[in-house]
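Here's the structure we're looking at; comments come further down.
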Amino acid sequence: MLRFLAPTFALLIALPLAAQDDLTYQRPAPELAALVDAPRTPAVSLSPDRSTMALLERSGAPSVAELSQPEIGLAGSRVNPRTNGPSRANGYTGVALQAVMGGEARTVSGLPPQATFRSAEWSPDGRHLAMLTDFDDRIELWTVDVASASGRRLLATPVNDAAPGSTFEWLPSSDALVVRTVPEGRAPLAQEARVPTGPVVQQSDGEAAPARTYQDLLASPQDEALFDHYMTSRLMVVGLDGSTQRFGPDAVYTSLSPSPDGRLLMTETRQRPYSYLVPWYRFPVRVEVWDVASGESVHVAAENPLAERVPIAFGSVPTGPRSFGWRADVPATLVWTEAQDGGDASAPAEVRDQVYTHAAPFAGEPTPLVTLPLRYGGITWGDEDTAIVEESMWSDRTRRAYVVDPSQSDAKRELFTVSFEDRYNDPGRPMTEATPTGARVLTLDGDATFWTGQGASAEGNRPFVVRRDLASGETQEVFRSEAPYYESPVAFLDARGQTLMTRRETVTEPPNYRVRNLASGESRAVTAFPHPYPELANIQKETIEYERADGVPLSATLYLPAGYDAERDGPLPTLVWAYPTEFKSADAAGQRSDSPYQFTYVSYWGAVPFVTRGYAVLDDASFPVVGEGDDQPNDTFREQLVMNAQAAIDAGVARGVTDPDRVAVGGHSYGAFMVGNLLAHSDLFAAGIARSGAYNRTLTPFGFQREERTFWDDPMLYFGMSPFMHAEKIDEPILMIHGQADNNPGTFTIQSERLYGAIKGLGGTARLVLLPAESHGYSARESLLHMLWEEDQWLETYVKNAPSPEASGGDASPSDAGR
């Protein structure tokens with residue numbers, strides 16, 4: 001069992017890879033450890049008036065002591081009871097302000113030195129920045145004045161950041177915010193009785209209520225009381241002048257949304273009865289509109305019941321009104337949608353959703369806006385006669401957009417229909433700009449809009465901006481990234497769409513922000529963030545393309561050690577890192593989704609760090625799983641995994657960089673599931689690294705990943721895809737790492753424990769490492785360092801220095817196809 005770290009790290013030593021009850025956190029080789037402690041590039045937030053950038057200094061990895069603070073799982077959320085906020089909240093350590101048009105960055109003064117900051121939100125006028133500020137025992141609301149670059153506490157009462165959704169929202173006037181606070185005088189929690197008063201009972205009434213696998217659900221009346229205690233908030237209207245006004249009743253608020261004119265506030269509150277089967281977002285919900293000035297309720301827009309019976313087909317939704325918002329281009333008009341197919345995406349239907357609007361003061365009946373044959377995907381508002389409505393359907397991967405005239409009922413005109421799997425023909429997303437009240441509307445140029453996207457192509461991603469005429473649908477390219485740069489559009493800085501802010505990088509230059517004049521082509525730098533690890537700048541990186549046996553094109557990013565020469569140095573031990581992805585089209589599966597010009601990130605998280613240890617790394621190797629027509633991708637999941645793996649190894653061998661007898665495979669989450677299957681059903685790899693995976697699909701019986709069939713629909717599918725059911729075939733060494741507090745649906749820690757127990761019981765070689773206090777992804781500095789140490793030791797022992805098949809008496813090459 002792992003224990004907490006002693007005051008100093010143990011030196012890196014070669015330990016026997018067996019059970020080690022006294023093992024403390026270990027530190028990997030210096031070149032790996034340096035990646036954990038490398039400086040983080042600041043996050044950037046652009047003000048609504050596009051004049052100022054907030055540079056938010058990222059904190060380093062927290063300590064395991066910080067991660068070990070109290071934590072309570074409640075209805076799918078995790079709460080820190082000390083702060084009445086989310087557990088494991090990552091924050092910023094400092095704030096600076098940078099003028100877009102030039103000048104030195106100004107460090108914000110007056111902020112508490114020992115606190116961290118989160119959820120930075122600009123006021124609509126861009127003069128202030130509001131932030132949540134974390135202390136050991138509470139969370140406070142602070143603001144930054146842009147003119148003076150100074151911060152101050154705005155509210156002494158602790159805020160309630162435990163409940164999901166908005167904790168605060170600026171009012172459109174920019175002089176006040178609506179804030180969720182911890183109710184003053186809140187009664188203390190009652191001590192849980194030592195002796196139970198009765199059993200915990202659930203009962204089915206004979207009506208089907210399938211539910212996918214969730215974590216941290218409520219499980220008892222005591223959990224319900226805890227949910228009420230920590231999630232209940234008191235709303236306050238807090239002025240920049242220090243004024244406060246209580247607003248509405250104490251309740252479990254999960255959404256706050258001011259109307260564009262600032263007169264009204266829409267709230268969503270969760271109601272009883274709660275459920276032990278589904279998370280908080282399926283609890284009964286009340287949608288209500290309040291008058292901001294008087295604090296009085298003026299309209300109840302919806303009261304939806306508990307949603308335990310939502311069908312599990314992807315694209316299914318609860319019945320009743322949902323997806324509430326405000327129309328962004330008018331003062332106060334609600335918009336929402338309602339399913340017309342019973343919410344069941346698997347049921348045939350000519351109309352699936354109906355969108356409605358209802359203008360304040362909400363007299364009369366709502367106005368039907370548009371009917372949709374597919375599932376509603378959102379609205380981007382423009383002006384009185386222009387809006388973009390999107391819809392989609394998972395079953396056939398369709399995405400469609402319409403131009404809608406809001407002044408007429410069901411006045412829609414199709415703009416495009418594409419497959420959202422088809423990256424090469426992705427039309428992008430409409431660009432928006434902020435109104436003076438903070439609402440976001442389409443960036444319009446007469447009857448045209450601007451759209452931006454990744455620009456996937458056979459040459460790699462080339463981000464773009466196009467001008468799309470809404471009448472004809474024709475497009476004109478305004479900007480596209482050009483080699484040797486990878487340059488992503490951020491926002492237009494002028495009303496005419498001639499000045500564009502971008503984020504530009506190269507293989508050796510980290511991302512920095514620039515301002516580009518589209519007419520002249522000239523650009524200038526706004527930021528100058530340094531290379532986070534200049535000592536690794538000479539690592540070799542390139543995109544390689546190859547095919548698998550059935551002709552599907554594949555690709556991977558190949559990393560090689562600095563100074564390596566294949567002809568001189570010969571083949572290297574190789575690490576393949578991947579994540580399977582389902583497709584309904586072989587053409588879409590073969591499309592590239594990377595760029596050869598992006599900065600070479602050597603993050604501690606994936607496989608790339610091991611290029612510093614003398615390995616060739618095939619990172620983000622394509623692992624598509626295709627099911628065309630009536631076939632589903634998972635019908636041949638195992639066979640396609642093996643084809644993908646064989647093709648990746650063969651590509652490395654053909655390049656002269658991969659030793660086929662010394663190849664490892666690794667992955668996280670569904671990638672770990674892939675690793676277990678590859679080791680069970682092929683002899684391609686010398687060893688595997690599987691992090692936070694799920695290996696027994698009968699523990700997720702109502703579907704997993706993108707599989708819609710249940711265990712009872714096809715039990716042999718679940719059996720065949722579960723590495724646990726084939727543990728006797730896992731005869732290559734497998735390192736399994738898992739967070740002891742994993743909260744990801746389906747990847748319970750017991751998944752790794754049970755697979756390890758099976759392999760051990762059957763005489764295989766496995767190592768199980770459970771990281772205390774870690775969730776699905778690992779964040780503590782001690783955990784990250786130890787993770788790298790474990791992976792390095794495993795690769796050194798079973799891959800780099802593994803005996804050849806001849807020396808070990810084996811007669812099968814690791815590159816033999818599969819079994």
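Just so we're on the same page: first chain in the structure tokens is A, next is B, and so on; residues restart at 1 for each chain, and ligands are numbered from 1 in the order they show up.
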
Exercise for review: May I have the residues within 12 Å of A:Glu753 as a PyMOL selection string, using only C-alpha atoms and disregarding those fewer than 2 positions away in the same chain?
Suggested key: chain A and resi 692-696+724+735-740+747-751+755-760+766-770

Would you mind exporting the chosen residues as a CSV table (one decimal), in the first residue's frame, restricted to N, CA and C atoms?
chain,number,residue,atom,x,y,z
A,692,SER,N,-6.1,4.0,-14.9
A,692,SER,CA,-7.5,4.4,-14.6
A,692,SER,C,-8.5,3.8,-15.6
A,693,GLY,N,-8.3,2.5,-15.8
A,693,GLY,CA,-9.2,1.9,-16.8
A,693,GLY,C,-10.3,1.1,-16.2
A,694,ALA,N,-11.2,0.6,-17.1
A,694,ALA,CA,-12.3,-0.3,-16.8
A,694,ALA,C,-12.1,-1.5,-17.6
A,695,TYR,N,-12.2,-2.7,-16.9
A,695,TYR,CA,-11.8,-3.9,-17.6
A,695,TYR,C,-12.9,-5.0,-17.6
A,696,ASN,N,-14.0,-4.7,-16.9
A,696,ASN,CA,-15.1,-5.7,-16.8
A,696,ASN,C,-16.3,-5.0,-17.2
A,724,PHE,N,-11.0,-8.5,-18.4
A,724,PHE,CA,-11.1,-9.4,-17.2
A,724,PHE,C,-11.5,-10.8,-17.6
A,735,LEU,N,1.4,-2.9,-16.1
A,735,LEU,CA,1.4,-2.0,-15.0
A,735,LEU,C,0.1,-1.3,-15.0
A,736,MET,N,-0.6,-1.4,-13.9
A,736,MET,CA,-1.9,-0.7,-13.7
A,736,MET,C,-1.8,0.3,-12.6
A,737,ILE,N,-2.2,1.6,-13.0
A,737,ILE,CA,-2.2,2.7,-12.0
A,737,ILE,C,-3.6,3.2,-11.9
A,738,HIS,N,-4.1,3.5,-10.7
A,738,HIS,CA,-5.4,4.0,-10.6
A,738,HIS,C,-5.5,4.9,-9.4
A,739,GLY,N,-6.3,5.9,-9.5
A,739,GLY,CA,-6.6,6.8,-8.3
A,739,GLY,C,-7.6,6.1,-7.4
A,740,GLN,N,-7.3,6.2,-6.1
A,740,GLN,CA,-8.2,5.6,-5.1
A,740,GLN,C,-9.5,6.3,-5.0
A,747,THR,N,-15.3,3.8,-14.2
A,747,THR,CA,-13.9,3.4,-13.9
A,747,THR,C,-13.6,3.4,-12.4
A,748,PHE,N,-14.5,2.6,-11.7
A,748,PHE,CA,-14.3,2.4,-10.3
A,748,PHE,C,-12.9,1.8,-10.1
A,749,THR,N,-12.3,2.2,-9.0
A,749,THR,CA,-11.0,1.6,-8.6
A,749,THR,C,-11.0,0.1,-8.6
A,750,ILE,N,-12.1,-0.5,-8.2
A,750,ILE,CA,-12.2,-1.9,-8.1
A,750,ILE,C,-12.0,-2.6,-9.5
A,751,GLN,N,-12.2,-1.8,-10.6
A,751,GLN,CA,-11.9,-2.4,-11.9
A,751,GLN,C,-10.4,-2.8,-12.0
A,755,LEU,N,-8.9,-6.9,-11.9
A,755,LEU,CA,-8.1,-7.4,-13.0
A,755,LEU,C,-6.7,-7.8,-12.4
A,756,TYR,N,-6.1,-7.0,-11.6
A,756,TYR,CA,-4.9,-7.4,-10.9
A,756,TYR,C,-5.0,-8.7,-10.2
A,757,GLY,N,-6.1,-8.9,-9.4
A,757,GLY,CA,-6.3,-10.1,-8.7
A,757,GLY,C,-6.4,-11.3,-9.6
A,758,ALA,N,-7.1,-11.1,-10.8
A,758,ALA,CA,-7.2,-12.2,-11.7
A,758,ALA,C,-5.9,-12.6,-12.3
A,759,ILE,N,-5.1,-11.6,-12.8
A,759,ILE,CA,-3.8,-11.9,-13.4
A,759,ILE,C,-2.9,-12.5,-12.4
A,760,LYS,N,-2.8,-12.0,-11.2
A,760,LYS,CA,-2.0,-12.6,-10.1
A,760,LYS,C,-2.4,-14.1,-9.8
A,766,ALA,N,2.0,-8.7,-13.2
A,766,ALA,CA,1.2,-7.4,-13.1
A,766,ALA,C,1.7,-6.6,-11.9
A,767,ARG,N,1.5,-5.3,-11.9
A,767,ARG,CA,1.7,-4.5,-10.8
A,767,ARG,C,0.6,-3.5,-10.7
A,768,LEU,N,0.1,-3.4,-9.5
A,768,LEU,CA,-1.1,-2.5,-9.2
A,768,LEU,C,-0.6,-1.3,-8.3
A,769,VAL,N,-0.8,-0.1,-8.8
A,769,VAL,CA,-0.4,1.1,-8.0
A,769,VAL,C,-1.6,1.9,-7.8
A,770,LEU,N,-2.0,2.1,-6.5
A,770,LEU,CA,-3.2,2.9,-6.2
A,770,LEU,C,-2.7,4.2,-5.6

Contacts of A:Gly325 at 10 Å or less, counting only C-alpha atoms, minus same-chain residues fewer than 5 places along, as an mmCIF file with N, CA and C atoms, in the first residue's frame?
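Listed below is the output, result_18.cif:
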data_model
loop_
_atom_site.group_PDB
_atom_site.id
_atom_site.type_symbol
_atom_site.label_atom_id
_atom_site.label_comp_id
_atom_site.auth_asym_id
_atom_site.auth_seq_id
_atom_site.Cartn_x
_atom_site.Cartn_y
_atom_site.Cartn_z
ATOM 1 N N SER A 257 -29.198 33.461 -14.401
ATOM 2 C CA SER A 257 -29.074 34.038 -15.740
ATOM 3 C C SER A 257 -29.848 35.344 -15.834
ATOM 4 N N PRO A 258 -29.149 36.496 -15.782
ATOM 5 C CA PRO A 258 -29.844 37.788 -15.945
ATOM 6 C C PRO A 258 -30.319 37.979 -17.380
ATOM 7 N N SER A 259 -31.439 38.633 -17.547
ATOM 8 C CA SER A 259 -31.907 38.986 -18.888
ATOM 9 C C SER A 259 -30.989 40.056 -19.476
ATOM 10 N N MET A 266 -33.353 34.799 -14.313
ATOM 11 C CA MET A 266 -33.875 33.435 -14.400
ATOM 12 C C MET A 266 -33.020 32.524 -13.521
ATOM 13 N N THR A 333 -36.574 38.002 -23.438
ATOM 14 C CA THR A 333 -37.381 36.954 -24.041
ATOM 15 C C THR A 333 -36.766 35.593 -23.736
ATOM 16 N N LEU A 334 -37.538 34.739 -23.079
ATOM 17 C CA LEU A 334 -37.068 33.396 -22.783
ATOM 18 C C LEU A 334 -37.098 32.540 -24.038
ATOM 19 N N VAL A 335 -36.183 31.587 -24.110
ATOM 20 C CA VAL A 335 -36.174 30.606 -25.195
ATOM 21 C C VAL A 335 -35.868 29.243 -24.586
ATOM 22 N N TRP A 336 -36.522 28.202 -25.076
ATOM 23 C CA TRP A 336 -36.291 26.842 -24.603
ATOM 24 C C TRP A 336 -36.770 25.868 -25.667
ATOM 25 N N THR A 337 -36.585 24.585 -25.405
ATOM 26 C CA THR A 337 -37.043 23.564 -26.338
ATOM 27 C C THR A 337 -37.751 22.460 -25.575
ATOM 28 N N THR A 357 -40.317 30.605 -27.806
ATOM 29 C CA THR A 357 -39.908 31.845 -27.146
ATOM 30 C C THR A 357 -41.106 32.406 -26.393
ATOM 31 N N GLY A 378 -28.786 24.190 -30.025
ATOM 32 C CA GLY A 378 -28.493 25.537 -29.575
ATOM 33 C C GLY A 378 -28.778 26.596 -30.623
ATOM 34 N N ILE A 379 -28.875 27.852 -30.142
ATOM 35 C CA ILE A 379 -29.147 29.001 -31.006
ATOM 36 C C ILE A 379 -28.068 30.051 -30.792
#

Point to revise | Residue contacts of A:Asp447 (8 Å, only C-alpha atoms) excluding same-chain residues fewer than 3 positions away, as a list in words | key: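 Near A:Asp447, the qualifying residues are Leu444, Asp469, Leu470 and Ala471 of chain A.
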
Exercise for review: Pick out the residues sitting within 6 Å of stretch 551-562 of chain A, and hand them over as a PyMOL selection string; count only C-alpha atoms, and ignore anything fewer than 4 positions along from it in its own chain.
Suggested key: chain A and resi 538-547+590+611+616-622

Using only N, CA and C atoms, please write the residues we just selected to a file, as an mmCIF file, in the first residue's frame.
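Below you can see again_14.cif, which holds the result:
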data_model
loop_
_atom_site.group_PDB
_atom_site.id
_atom_site.type_symbol
_atom_site.label_atom_id
_atom_site.label_comp_id
_atom_site.auth_asym_id
_atom_site.auth_seq_id
_atom_site.Cartn_x
_atom_site.Cartn_y
_atom_site.Cartn_z
ATOM 1 N N ASN A 538 15.199 20.515 -28.624
ATOM 2 C CA ASN A 538 15.737 19.820 -29.798
ATOM 3 C C ASN A 538 15.180 18.414 -29.986
ATOM 4 N N ILE A 539 14.179 18.043 -29.202
ATOM 5 C CA ILE A 539 13.511 16.765 -29.438
ATOM 6 C C ILE A 539 12.935 16.756 -30.849
ATOM 7 N N GLN A 540 13.076 15.641 -31.534
ATOM 8 C CA GLN A 540 12.585 15.542 -32.910
ATOM 9 C C GLN A 540 11.108 15.143 -32.913
ATOM 10 N N LYS A 541 10.327 15.832 -33.759
ATOM 11 C CA LYS A 541 8.899 15.569 -33.846
ATOM 12 C C LYS A 541 8.465 15.624 -35.301
ATOM 13 N N GLU A 542 7.636 14.645 -35.693
ATOM 14 C CA GLU A 542 7.062 14.660 -37.033
ATOM 15 C C GLU A 542 5.791 13.826 -37.048
ATOM 16 N N THR A 543 4.925 14.109 -37.997
ATOM 17 C CA THR A 543 3.720 13.310 -38.187
ATOM 18 C C THR A 543 4.007 12.246 -39.229
ATOM 19 N N ILE A 544 3.684 10.986 -38.914
ATOM 20 C CA ILE A 544 3.862 9.909 -39.883
ATOM 21 C C ILE A 544 2.489 9.373 -40.272
ATOM 22 N N GLU A 545 2.369 8.956 -41.517
ATOM 23 C CA GLU A 545 1.114 8.418 -42.032
ATOM 24 C C GLU A 545 1.357 7.018 -42.562
ATOM 25 N N TYR A 546 0.374 6.170 -42.368
ATOM 26 C CA TYR A 546 0.499 4.763 -42.757
ATOM 27 C C TYR A 546 -0.893 4.183 -42.899
ATOM 28 N N GLU A 547 -1.019 2.920 -43.298
ATOM 29 C CA GLU A 547 -2.315 2.276 -43.452
ATOM 30 C C GLU A 547 -2.371 1.003 -42.631
ATOM 31 N N GLY A 590 -10.167 7.717 -41.286
ATOM 32 C CA GLY A 590 -8.823 7.897 -41.805
ATOM 33 C C GLY A 590 -8.371 9.339 -41.884
ATOM 34 N N VAL A 611 10.636 10.058 -24.402
ATOM 35 C CA VAL A 611 11.625 10.320 -25.430
ATOM 36 C C VAL A 611 12.923 10.789 -24.783
ATOM 37 N N ALA A 616 11.713 5.783 -28.704
ATOM 38 C CA ALA A 616 10.868 6.372 -29.742
ATOM 39 C C ALA A 616 9.441 6.343 -29.214
ATOM 40 N N VAL A 617 8.702 7.405 -29.455
ATOM 41 C CA VAL A 617 7.329 7.490 -28.965
ATOM 42 C C VAL A 617 6.395 7.724 -30.142
ATOM 43 N N LEU A 618 5.408 6.854 -30.279
ATOM 44 C CA LEU A 618 4.328 7.060 -31.235
ATOM 45 C C LEU A 618 3.124 7.536 -30.434
ATOM 46 N N ASP A 619 2.954 8.848 -30.384
ATOM 47 C CA ASP A 619 1.927 9.438 -29.534
ATOM 48 C C ASP A 619 0.657 9.708 -30.334
ATOM 49 N N ASP A 620 -0.480 9.614 -29.652
ATOM 50 C CA ASP A 620 -1.776 9.858 -30.271
ATOM 51 C C ASP A 620 -1.908 9.056 -31.559
ATOM 52 N N ALA A 621 -1.454 7.797 -31.492
ATOM 53 C CA ALA A 621 -1.565 6.917 -32.654
ATOM 54 C C ALA A 621 -3.044 6.682 -32.970
ATOM 55 N N SER A 622 -3.402 6.734 -34.247
ATOM 56 C CA SER A 622 -4.791 6.539 -34.648
ATOM 57 C C SER A 622 -5.245 5.128 -34.288
#

**Study point:** Spatial neighbours of A:Ser481, 12 Å, only C-alpha atoms, chain gap at least 4 places, as a PyMOL selection string
**Key:** chain A and resi 452-457+459-465+477+485-489+502-506+516+521+595+597-598

**Study point:** One-decimal distance in Å that lies between atom CA of A:Ala434 and atom CA of A:His128
**Key:**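 That distance, rounded to one decimal, is 15.3 Å.
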
Practice item. Would you list, as a ChimeraX atom specification, the residues of stretch 608-737 of chain A that end up in strand (DSSP E or B) under DSSP run on this structure's backbone? Key: /A:616-621,624-626,658-668,687-691,704,707,734-737

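Considering only stretch 55-263 of chain A, backbone DSSP assigns helix (DSSP H, G or I) to Val64, Ala65, Glu66, Leu67, Pro221, Gln222, Asp223, Glu224, Ala225, Leu226, Phe227, Asp228, His229, Tyr230 and Met231 of chain A.
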
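Around A:Ser472, within 12 Å and counting only C-alpha atoms, the residues found are A:Val403, A:Arg413, A:Glu414, A:Leu415, A:Phe416, A:Asp447, A:Ala448, A:Thr449, A:Arg467, A:Arg468, A:Asp469, A:Thr475, A:Gln476, once anything fewer than 3 positions away on its own chain is removed.
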
Point to revise | Who sits within 9 Å of A:Pro366, only C-alpha atoms, same chain under 6 positions skipped, as JSON, numbers by chain | key: {"A": [356, 357, 358, 359]}
